[in-house]
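Source file: data_33.txt; contents: compact mmCIF, C-alpha atoms and all ligand atoms.
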```txt
# COMPACT_ATOMS: atom_id res chain seq x y z
CA MET A 1 9.44 -21.54 0.66
CA SER A 2 9.29 -18.81 -1.89
CA THR A 3 12.01 -16.17 -1.82
CA PHE A 4 9.35 -13.44 -1.81
CA GLN A 5 6.78 -13.25 0.94
CA GLY A 6 4.12 -10.83 -0.23
CA VAL A 7 3.71 -7.21 0.72
CA ASP A 8 5.45 -6.54 4.05
CA HIS A 9 4.25 -2.97 4.42
CA ALA A 10 2.50 -0.04 2.80
CA GLY A 11 4.54 3.18 2.89
CA ILE A 12 2.52 6.29 3.72
CA GLY A 13 3.94 9.80 3.57
CA VAL A 14 2.84 12.12 6.38
CA GLY A 15 3.08 15.85 7.03
CA ASP A 16 3.67 15.49 10.74
CA MET A 17 4.12 12.37 12.80
CA ASP A 18 1.93 13.26 15.78
CA THR A 19 -1.13 13.70 13.56
CA ALA A 20 -0.23 10.53 11.65
CA LEU A 21 0.16 8.46 14.82
CA ASP A 22 -3.13 9.73 16.18
CA PHE A 23 -4.80 8.50 13.00
CA TRP A 24 -2.99 5.21 12.39
CA SER A 25 -2.31 4.15 15.93
CA ARG A 26 -5.08 5.53 18.11
CA LYS A 27 -7.94 5.47 15.59
CA LEU A 28 -7.05 2.52 13.35
CA GLY A 29 -5.33 0.25 15.86
CA PHE A 30 -1.79 0.10 14.45
CA THR A 31 -0.34 0.19 17.95
CA GLU A 32 2.64 -2.17 17.58
CA VAL A 33 5.75 -0.04 17.05
CA PHE A 34 8.43 -2.15 15.35
CA PHE A 35 10.81 0.78 15.09
CA ASP A 36 10.91 4.57 15.16
CA TYR A 37 13.91 5.88 13.25
CA THR A 38 15.05 9.42 12.53
CA GLY A 39 18.03 10.11 10.31
CA VAL A 40 19.54 9.65 6.89
CA VAL A 41 17.74 7.18 4.61
CA PRO A 42 20.32 5.88 2.14
CA GLY A 43 19.58 4.21 -1.17
CA LEU A 44 17.13 6.83 -2.44
CA GLU A 45 19.64 9.03 -4.25
CA GLU A 46 18.68 7.75 -7.69
CA ILE A 47 14.95 7.85 -6.98
CA THR A 48 14.86 11.31 -5.42
CA LYS A 49 17.79 12.82 -7.36
CA LYS A 50 19.00 14.15 -4.01
CA LYS A 51 22.38 13.55 -2.39
CA GLU A 52 20.84 12.90 0.99
CA VAL A 53 17.35 12.08 2.17
CA ARG A 54 16.45 12.50 5.84
CA ALA A 55 13.24 11.21 7.32
CA ARG A 56 11.52 9.90 10.37
CA ILE A 57 10.22 6.40 9.68
CA VAL A 58 7.83 4.61 12.04
CA MET A 59 6.96 0.98 11.27
CA LEU A 60 3.63 -0.06 12.75
CA GLY A 61 1.77 -3.34 13.06
CA ASN A 62 -1.90 -3.78 13.80
CA ARG A 63 -2.70 -5.34 17.16
CA PHE A 64 -5.40 -7.54 15.57
CA THR A 65 -3.51 -8.53 12.42
CA THR A 66 -4.83 -11.71 10.78
CA ARG A 67 -4.15 -13.81 7.70
CA LEU A 68 -6.15 -11.31 5.62
CA GLY A 69 -4.40 -8.31 7.15
CA PRO A 70 -0.76 -9.36 7.42
CA GLY A 71 0.78 -6.10 6.16
CA LYS A 72 2.31 -3.32 8.26
CA ILE A 73 2.17 0.47 7.87
CA LYS A 74 5.40 2.43 7.37
CA LEU A 75 4.90 6.11 8.13
CA VAL A 76 7.46 8.38 6.47
CA GLN A 77 7.96 12.03 7.28
CA ARG A 78 10.53 13.70 5.04
CA LEU A 79 12.75 16.00 7.08
CA ASP A 80 15.03 17.32 4.34
CA GLY A 81 14.26 20.09 1.89
CA ASP A 82 10.76 21.48 2.31
CA GLY A 83 9.51 18.47 4.29
CA ALA A 84 6.73 16.22 3.04
CA PRO A 85 6.13 16.64 -0.70
CA PRO A 86 2.49 17.31 -1.66
CA TYR A 87 -0.11 14.77 -2.71
CA PRO A 88 0.35 14.51 -6.50
CA ALA A 89 -2.08 16.74 -8.35
CA GLY A 90 -4.62 14.92 -10.46
CA ILE A 91 -4.99 11.74 -8.42
CA GLY A 92 -8.42 10.19 -8.77
CA TYR A 93 -7.68 6.50 -8.54
CA GLY A 94 -5.48 4.28 -10.69
CA GLU A 95 -3.15 6.81 -12.30
CA VAL A 96 0.42 5.45 -12.42
CA GLY A 97 1.62 5.49 -8.81
CA LEU A 98 0.21 4.32 -5.49
CA ALA A 99 -3.56 4.62 -5.25
CA GLU A 100 -4.53 3.35 -1.81
CA VAL A 101 -3.81 1.15 1.13
CA CYS A 102 -6.55 -1.37 1.98
CA LEU A 103 -7.18 -2.66 5.51
CA HIS A 104 -9.00 -5.87 6.28
CA THR A 105 -11.87 -4.80 8.49
CA LEU A 106 -14.24 -6.97 10.46
CA ASN A 107 -17.63 -5.26 10.14
CA THR A 108 -16.76 -2.41 7.78
CA GLU A 109 -20.00 -0.54 8.41
CA LYS A 110 -19.58 -0.31 12.18
CA ILE A 111 -15.90 0.67 11.96
CA PHE A 112 -16.62 3.23 9.25
CA ARG A 113 -19.46 4.80 11.27
CA GLU A 114 -17.31 5.01 14.38
CA LEU A 115 -14.41 6.64 12.50
CA VAL A 116 -16.55 9.08 10.52
CA ASP A 117 -19.26 9.91 13.06
CA ASN A 118 -17.19 9.91 16.25
CA GLN A 119 -13.50 10.16 15.36
CA GLY A 120 -13.54 13.01 12.84
CA CYS A 121 -12.38 10.96 9.86
CA LYS A 122 -13.48 12.02 6.40
CA SER A 123 -15.58 9.67 4.29
CA LEU A 124 -14.46 9.02 0.72
CA MET A 125 -17.00 6.28 0.01
CA GLU A 126 -19.98 5.20 2.07
CA PRO A 127 -20.15 1.49 2.96
CA LEU A 128 -21.52 -0.81 0.30
CA SER A 129 -21.63 -4.52 -0.38
CA ALA A 130 -20.51 -6.28 -3.55
CA ALA A 131 -19.50 -9.68 -4.89
CA VAL A 132 -16.40 -9.94 -7.08
CA GLY A 133 -14.70 -12.40 -9.37
CA GLU A 134 -15.85 -15.63 -10.93
CA HIS A 135 -16.43 -17.07 -7.48
CA GLN A 136 -18.60 -14.07 -6.53
CA ILE A 137 -16.69 -13.43 -3.33
CA ASP A 138 -18.79 -11.34 -0.93
CA LEU A 139 -17.28 -8.21 0.54
CA ASP A 140 -18.24 -5.04 2.39
CA ILE A 141 -16.24 -1.98 1.39
CA ALA A 142 -15.87 1.67 2.41
CA TYR A 143 -13.22 4.40 2.10
CA ILE A 144 -11.96 7.08 4.43
CA ALA A 145 -9.21 9.67 3.96
CA ASP A 146 -5.99 9.81 5.92
CA PRO A 147 -5.19 13.27 7.39
CA TRP A 148 -3.68 14.35 4.04
CA MET A 149 -6.50 12.98 1.85
CA GLY A 150 -4.71 9.73 1.01
CA LYS A 151 -7.13 6.91 0.27
CA VAL A 152 -7.67 4.24 2.92
CA GLU A 153 -9.91 1.39 1.86
CA MET A 154 -11.57 -0.90 4.37
CA ILE A 155 -12.75 -4.31 3.20
CA ASP A 156 -14.43 -7.12 5.05
CA TRP A 157 -13.67 -10.11 2.81
CA LYS A 158 -16.67 -12.03 4.07
CA GLY A 159 -16.59 -14.52 1.22
CA LEU A 160 -12.88 -15.19 1.30
CA TRP A 161 -12.34 -16.03 4.90
CA THR A 162 -14.61 -16.53 7.83
CA SER A 163 -13.00 -14.51 10.57
CA ARG A 164 -12.92 -15.67 14.12
CA PRO A 165 -15.85 -14.19 15.99
CA ALA A 166 -14.74 -10.84 17.32
CA ALA A 167 -15.92 -7.31 17.93
CA PRO A 168 -15.70 -4.95 14.94
CA ARG A 169 -12.03 -4.22 14.32
CA ILE A 170 -9.39 -3.39 11.76
CA GLU A 171 -7.04 -6.31 11.15
CA GLY A 172 -4.00 -4.95 9.31
CA VAL A 173 -3.08 -4.23 5.68
CA ASN A 174 -4.77 -6.45 3.10
CA HIS A 175 -3.37 -4.93 -0.09
CA VAL A 176 -1.91 -1.91 -1.81
CA ALA A 177 -3.31 -0.63 -5.10
CA PHE A 178 -1.30 1.09 -7.81
CA GLY A 179 -1.85 2.36 -11.34
CA VAL A 180 0.11 0.79 -14.18
CA HIS A 181 0.75 1.36 -17.89
CA ASP A 182 0.04 -2.20 -18.96
CA MET A 183 -1.84 -4.83 -16.96
CA LYS A 184 -0.24 -7.90 -18.54
CA THR A 185 3.30 -6.57 -18.23
CA THR A 186 2.73 -5.79 -14.55
CA THR A 187 0.99 -9.03 -13.63
CA ASP A 188 3.60 -11.13 -15.49
CA PHE A 189 6.28 -9.22 -13.60
CA TYR A 190 4.75 -9.68 -10.15
CA LYS A 191 3.98 -13.36 -10.75
CA GLN A 192 7.75 -13.82 -10.70
CA LEU A 193 7.67 -12.33 -7.21
CA GLY A 194 5.09 -14.75 -5.89
CA PHE A 195 1.81 -12.92 -6.54
CA ASN A 196 0.13 -15.88 -8.19
CA ASP A 197 -3.38 -16.08 -6.72
CA GLN A 198 -5.83 -13.89 -8.59
CA ILE A 199 -8.74 -12.98 -6.34
CA PHE A 200 -10.67 -11.01 -8.93
CA GLU A 201 -10.46 -9.21 -12.24
CA SER A 202 -12.82 -6.38 -13.10
CA LYS A 203 -13.00 -4.48 -16.38
CA GLU A 204 -15.91 -2.22 -15.56
CA PHE A 205 -15.80 1.29 -14.19
CA PHE A 206 -16.54 1.15 -10.47
CA ASP A 207 -19.29 3.79 -10.18
CA PRO A 208 -18.84 4.67 -6.49
CA MET A 209 -15.39 6.06 -7.40
CA ALA A 210 -16.85 8.61 -9.85
CA PRO A 211 -16.72 11.54 -7.35
CA TRP A 212 -12.95 11.07 -7.07
CA TYR A 213 -12.24 12.22 -10.60
CA GLN A 214 -11.78 15.89 -11.33
CA VAL A 215 -14.72 17.78 -12.69
CA GLY A 216 -14.33 18.16 -16.43
CA ARG A 217 -12.34 14.98 -16.79
CA ALA A 218 -14.09 12.11 -18.54
CA LEU A 219 -14.45 9.08 -16.29
CA PRO A 220 -11.79 6.53 -17.26
CA GLY A 221 -12.20 2.82 -17.86
CA HIS A 222 -11.11 0.71 -14.90
CA HIS A 223 -9.26 -2.56 -15.26
CA MET A 224 -8.43 -3.90 -11.80
CA THR A 225 -6.99 -7.16 -10.59
CA LEU A 226 -6.14 -8.29 -7.08
CA TRP A 227 -3.39 -10.82 -6.41
CA LEU A 228 -2.38 -12.46 -3.19
CA SER A 229 0.84 -14.26 -2.47
CA GLY A 230 1.02 -17.23 -0.13
CA GLN A 231 2.18 -14.81 2.55
CA GLY A 232 2.03 -11.11 3.30
CA ALA A 233 -0.42 -8.63 1.87
CA GLY A 234 -1.54 -8.44 -1.78
CA ILE A 235 -1.26 -6.12 -4.75
CA GLU A 236 -4.04 -4.53 -6.79
CA PRO A 237 -2.79 -3.20 -10.14
CA VAL A 238 -5.17 -0.82 -11.90
CA ARG A 239 -5.09 0.20 -15.56
CA LEU A 240 -7.03 3.30 -16.56
CA THR A 241 -8.29 3.85 -20.09
CA PRO A 242 -7.19 6.28 -21.28
CA LEU A 243 -4.00 6.53 -19.27
CA TRP A 244 -3.79 9.71 -17.24
CA GLU A 245 -0.71 11.59 -16.13
CA ASP A 246 2.06 10.06 -14.00
CA CYS A 247 0.94 10.50 -10.39
CA ARG A 248 3.83 8.80 -8.60
CA GLY A 249 4.84 12.18 -7.18
CA GLU A 250 8.00 12.58 -5.15
CA TRP A 251 9.09 9.79 -2.83
CA GLY A 252 7.69 10.52 0.61
CA HIS A 253 4.72 12.52 -0.65
CA VAL A 254 1.73 12.50 1.69
CA GLY A 255 -0.69 9.60 1.29
CA PRO A 256 0.15 6.05 0.13
CA MET A 257 3.41 6.32 -1.79
CA ASP A 258 5.45 3.11 -1.75
CA PHE A 259 5.43 -0.52 -0.65
CA GLY A 260 7.89 -3.17 0.39
CA ILE A 261 7.93 -6.89 -0.33
CA GLY A 262 9.17 -9.09 2.48
CA VAL A 263 12.07 -11.50 2.02
CA GLN A 264 13.88 -13.75 4.44
CA ASN A 265 17.33 -13.35 2.89
CA ILE A 266 17.83 -10.10 1.03
CA LYS A 267 21.12 -11.07 -0.62
CA LYS A 268 19.51 -14.17 -2.08
CA ALA A 269 16.46 -12.14 -3.13
CA VAL A 270 18.60 -9.54 -4.92
CA ALA A 271 20.45 -12.31 -6.76
CA GLU A 272 17.10 -13.74 -7.83
CA LEU A 273 15.81 -10.37 -9.02
CA GLN A 274 19.02 -9.78 -10.95
CA SER A 275 18.78 -13.21 -12.56
CA LEU A 276 15.36 -12.10 -13.81
CA GLY A 277 16.95 -8.99 -15.33
CA ILE A 278 15.48 -6.63 -12.73
CA GLU A 279 17.64 -3.64 -11.81
CA MET A 280 18.22 -2.22 -8.34
CA HIS A 281 18.28 1.49 -7.49
CA SER A 282 21.22 0.95 -5.11
CA ASP A 283 23.04 -1.78 -3.26
CA ILE A 284 21.47 -3.25 -0.13
CA LYS A 285 21.03 -0.66 2.62
CA THR A 286 20.81 -1.27 6.36
CA LEU A 287 19.23 0.99 8.94
CA ASP A 288 20.18 0.44 12.55
CA VAL A 289 16.73 0.83 14.08
CA GLY A 290 17.82 0.11 17.62
CA VAL A 291 16.25 -3.20 18.46
CA SER A 292 17.45 -4.72 15.20
CA GLU A 293 18.30 -3.95 11.60
CA PHE A 294 16.04 -3.00 8.72
CA LYS A 295 17.55 -3.99 5.37
CA TYR A 296 16.09 -2.90 2.05
CA VAL A 297 16.77 -2.09 -1.56
CA TYR A 298 14.50 -0.38 -4.07
CA PHE A 299 14.15 -2.06 -7.45
CA LYS A 300 12.64 -1.12 -10.81
CA ASP A 301 9.25 -2.59 -11.61
CA PRO A 302 7.70 -2.01 -15.07
CA ASP A 303 6.34 1.41 -14.04
CA ASP A 304 9.27 2.36 -11.81
CA GLN A 305 6.97 2.52 -8.80
CA TYR A 306 8.55 3.13 -5.43
CA VAL A 307 8.90 -0.52 -4.46
CA SER A 308 11.48 -2.30 -2.36
CA ILE A 309 12.33 -5.66 -0.93
CA VAL A 310 12.87 -5.69 2.83
CA GLU A 311 14.45 -8.05 5.31
CA SER A 312 13.73 -7.47 8.96
CA SER A 313 14.23 -9.32 12.20
CA TYR A 314 12.11 -7.44 14.71
FE FE B 401 -8.43 -2.01 -3.23
```

Would you mind writing the file out in structure tokens?
Ligand SMILES: [Fe+2]
Amino acid sequence: MSTFQGVDHAGIGVGDMDTALDFWSRKLGFTEVFFDYTGVVPGLEEITKKKEVRARIVMLGNRFTTRLGPGKIKLVQRLDGDGAPPYPAGIGYGEVGLAEVCLHTLNTEKIFRELVDNQGCKSLMEPLSAAVGEHQIDLDIAYIADPWMGKVEMIDWKGLWTSRPAAPRIEGVNHVAFGVHDMKTTTDFYKQLGFNDQIFESKEFFDPMAPWYQVGRALPGHHMTLWLSGQGAGIEPVRLTPLWEDCRGEWGHVGPMDFGIGVQNIKKAVAELQSLGIEMHSDIKTLDVGVSEFKYVYFKDPDDQYVSIVESSY
């Protein structure tokens, strides 16, 4: 078994937890609470340049999670300083930093209509169908906004997996997308961490995203690839041409802002990362989350995204 087990969770910054839970839990079906922690979050001193970070962190699983939606959602509400940092100015899609969280969704159109027409969610892209990659994999896609305008993609990977027959439903996190400086550097890097199965590569601007870019800004070129690991959720690096400004923002900013890669043995995983020349932002940290422990360490990927490895036993 590989040391690295795909994306364990997408980290989403939130302005207040009640509003976030109403959206993620009640509306989107992430009802499994793995832990709900409030307190000091160590190991972020180097990343945040702060002596102490305090936050409430709620780790949620989807009740209908499947093989195409194995990832969890980690809601983070910063409690120190001025609270949740703002959504980075200038985000369209694909600037360096986290771009979206994508949920596998059985019957995207029906779920989208329910959320937008009846649940008060904001549409960022109306449902459409496409086929991607050399195998022309069929999919249905749509986007809604989280309560702070973070991008939430919903994909029904019809051509990749025939789901069990079921009512329309969201089935957990399929992938996270993030902007990078150099596609080859990033994909070579993440191949070392088990992301070896390329689902598609696209080098054309994806027209339905045009409204996301600021007026007066030329539409960038899009180079996107999606990679799955044998386990966990996938990653979707995006390279814009030309590069735009760094939109990583502060750790904990509202909207998608970090992700964690699952490991079974974090000490072994750190040793493996170090043997590859990858640096850590701290030593291994452990949160006592009541029912069990949550162990993690943030490491430096080629763009210094906010990315960690995590070991959990809940
Ligand atoms: Fe995506």

Considering only C-alpha atoms and all ligand atoms, give me a table of residues in chain A that are at most 8 Å from ligand FE 401 (chain B), with the closest atom pair and distance in Å for each, as a Markdown table.
```
| residue | atom | partner | partner_atom | distance |
| --- | --- | --- | --- | --- |
| A:Glu100 | CA | B:FE401 | FE | 6.8 |
| A:Val101 | CA | B:FE401 | FE | 7.1 |
| A:Cys102 | CA | B:FE401 | FE | 5.6 |
| A:Glu153 | CA | B:FE401 | FE | 6.3 |
| A:His175 | CA | B:FE401 | FE | 6.6 |
| A:Val176 | CA | B:FE401 | FE | 6.7 |
| A:Ala177 | CA | B:FE401 | FE | 5.6 |
| A:Leu226 | CA | B:FE401 | FE | 7.7 |
| A:Glu236 | CA | B:FE401 | FE | 6.2 |
```

Quick one: residues within 6 Å of region 73-88 of chain A, all atoms listed in the file, excluding same-chain residues fewer than 6 positions away - as a PDB file with C-alpha atoms, in the coordinates of the input?
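That gives us part14.pdb:
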```
ATOM      1  CA  HIS A   9       4.250  -2.970   4.420  1.00  0.00           C
ATOM      2  CA  ALA A  10       2.500  -0.040   2.800  1.00  0.00           C
ATOM      3  CA  GLY A  11       4.540   3.180   2.890  1.00  0.00           C
ATOM      4  CA  ILE A  12       2.520   6.290   3.720  1.00  0.00           C
ATOM      5  CA  GLY A  13       3.940   9.800   3.570  1.00  0.00           C
ATOM      6  CA  VAL A  14       2.840  12.120   6.380  1.00  0.00           C
ATOM      7  CA  GLY A  15       3.080  15.850   7.030  1.00  0.00           C
ATOM      8  CA  ARG A  54      16.450  12.500   5.840  1.00  0.00           C
ATOM      9  CA  ALA A  55      13.240  11.210   7.320  1.00  0.00           C
ATOM     10  CA  ARG A  56      11.520   9.900  10.370  1.00  0.00           C
ATOM     11  CA  ILE A  57      10.220   6.400   9.680  1.00  0.00           C
ATOM     12  CA  VAL A  58       7.830   4.610  12.040  1.00  0.00           C
ATOM     13  CA  MET A  59       6.960   0.980  11.270  1.00  0.00           C
ATOM     14  CA  LEU A  60       3.630  -0.060  12.750  1.00  0.00           C
ATOM     15  CA  CYS A 247       0.940  10.500 -10.390  1.00  0.00           C
ATOM     16  CA  GLY A 249       4.840  12.180  -7.180  1.00  0.00           C
ATOM     17  CA  HIS A 253       4.720  12.520  -0.650  1.00  0.00           C
ATOM     18  CA  VAL A 254       1.730  12.500   1.690  1.00  0.00           C
TER      19      VAL A 254
END
```

Measuring between all atoms listed in the file, which one of A:Ile170, A:Met149, A:Ile155, A:Leu68 shows the shortest distance to Ala89 (chain A)?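 Ranked by minimum distance to Ala89 (chain A), first place goes to A:Met149.
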
I'd like a table as a Markdown table: residues in region 255-287 of chain A with an atom no more than 8 Å from region 296-302 of chain A, each row giving the shortest atom pair and its distance in Å to one decimal, all atoms listed in the file counted, sorted by chain and rising residue number.
```
| residue | atom | partner | partner_atom | distance |
| --- | --- | --- | --- | --- |
| A:Ile266 | CA | A:Tyr296 | CA | 7.5 |
| A:Ile278 | CA | A:Lys300 | CA | 6.5 |
| A:Glu279 | CA | A:Lys300 | CA | 5.7 |
| A:Met280 | CA | A:Phe299 | CA | 4.2 |
| A:His281 | CA | A:Tyr298 | CA | 5.4 |
| A:Ser282 | CA | A:Val297 | CA | 6.5 |
| A:Asp283 | CA | A:Val297 | CA | 6.5 |
| A:Ile284 | CA | A:Val297 | CA | 5.0 |
| A:Lys285 | CA | A:Tyr296 | CA | 5.5 |
| A:Thr286 | CA | A:Tyr296 | CA | 6.6 |
```

Given all atoms listed in the file as the counted atoms, nearest of A:Gly94, A:Trp244, A:Gly172, A:Glu45 to Ser25 (chain A): A:Gly172

Considering only C-alpha atoms, return as a ChimeraX atom specification whatever protein or nucleic-acid residues lie within 6 Å of Phe195 (chain A), sequence-local ones (same chain, fewer than 4 positions apart) excluded. /A:190-191,227-229

Have a look at CA of Phe189 (chain A) and CA of Leu273 (chain A) and let me know their distance in Å, one decimal. 10.6 Å

So, with only C-alpha atoms as the atoms that count, which of A:Thr48, A:Thr31, A:Thr108, A:Ser202 lies closest to Gly252 (chain A)?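 Among A:Thr48, A:Thr31, A:Thr108, A:Ser202, it is A:Thr48 that comes nearest to Gly252 (chain A).
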
Of A:Pro237, A:Ala210, A:His223, A:Gly159, the one sitting nearest Thr187 (chain A) when using only C-alpha atoms is A:Pro237

Given all atoms listed in the file as the basis, pick out the residue of A:Glu126, A:Glu250, A:Asp258, A:Asp182 nearest to Pro211 (chain A). A:Glu126

Among listed residues A:Leu276, A:Ala167, A:Met224, A:Leu287, nearest Leu106 (chain A) (using all atoms listed in the file):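 Comparing A:Leu276, A:Ala167, A:Met224, A:Leu287 against Leu106 (chain A), the winner is A:Ala167.
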
Find the residues around Asp8 (chain A) up to 8 Å (all atoms listed in the file counted), leave out those fewer than 3 positions away in its own chain, and share them as a list in words.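 Counting only the stated atoms, we get Gln5, Pro70, Gly71, Lys72, Gly232, Ala233, Phe259, Gly260, Ile261, Gly262 and Val310 of chain A.
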
Do you have the CA of Pro208 (chain A)-CA of Lys122 (chain A) distance handy? 15.8 Å

Show which residues sit within 6 Å of Leu103 (chain A), as a ChimeraX atom specification. Count only C-alpha atoms, and ignore same-chain residues fewer than 2 positions away. /A:105,154,172-174

Excluding Met125 (chain A) and its own-chain neighbours fewer than 6 positions away, which residues fall within 7 Å of it when counting all atoms listed in the file? Please give them as a ChimeraX atom specification. /A:142-144,208

CA of Glu114 (chain A) sits from CA of Asp207 (chain A) at a separation of 24.7 Å
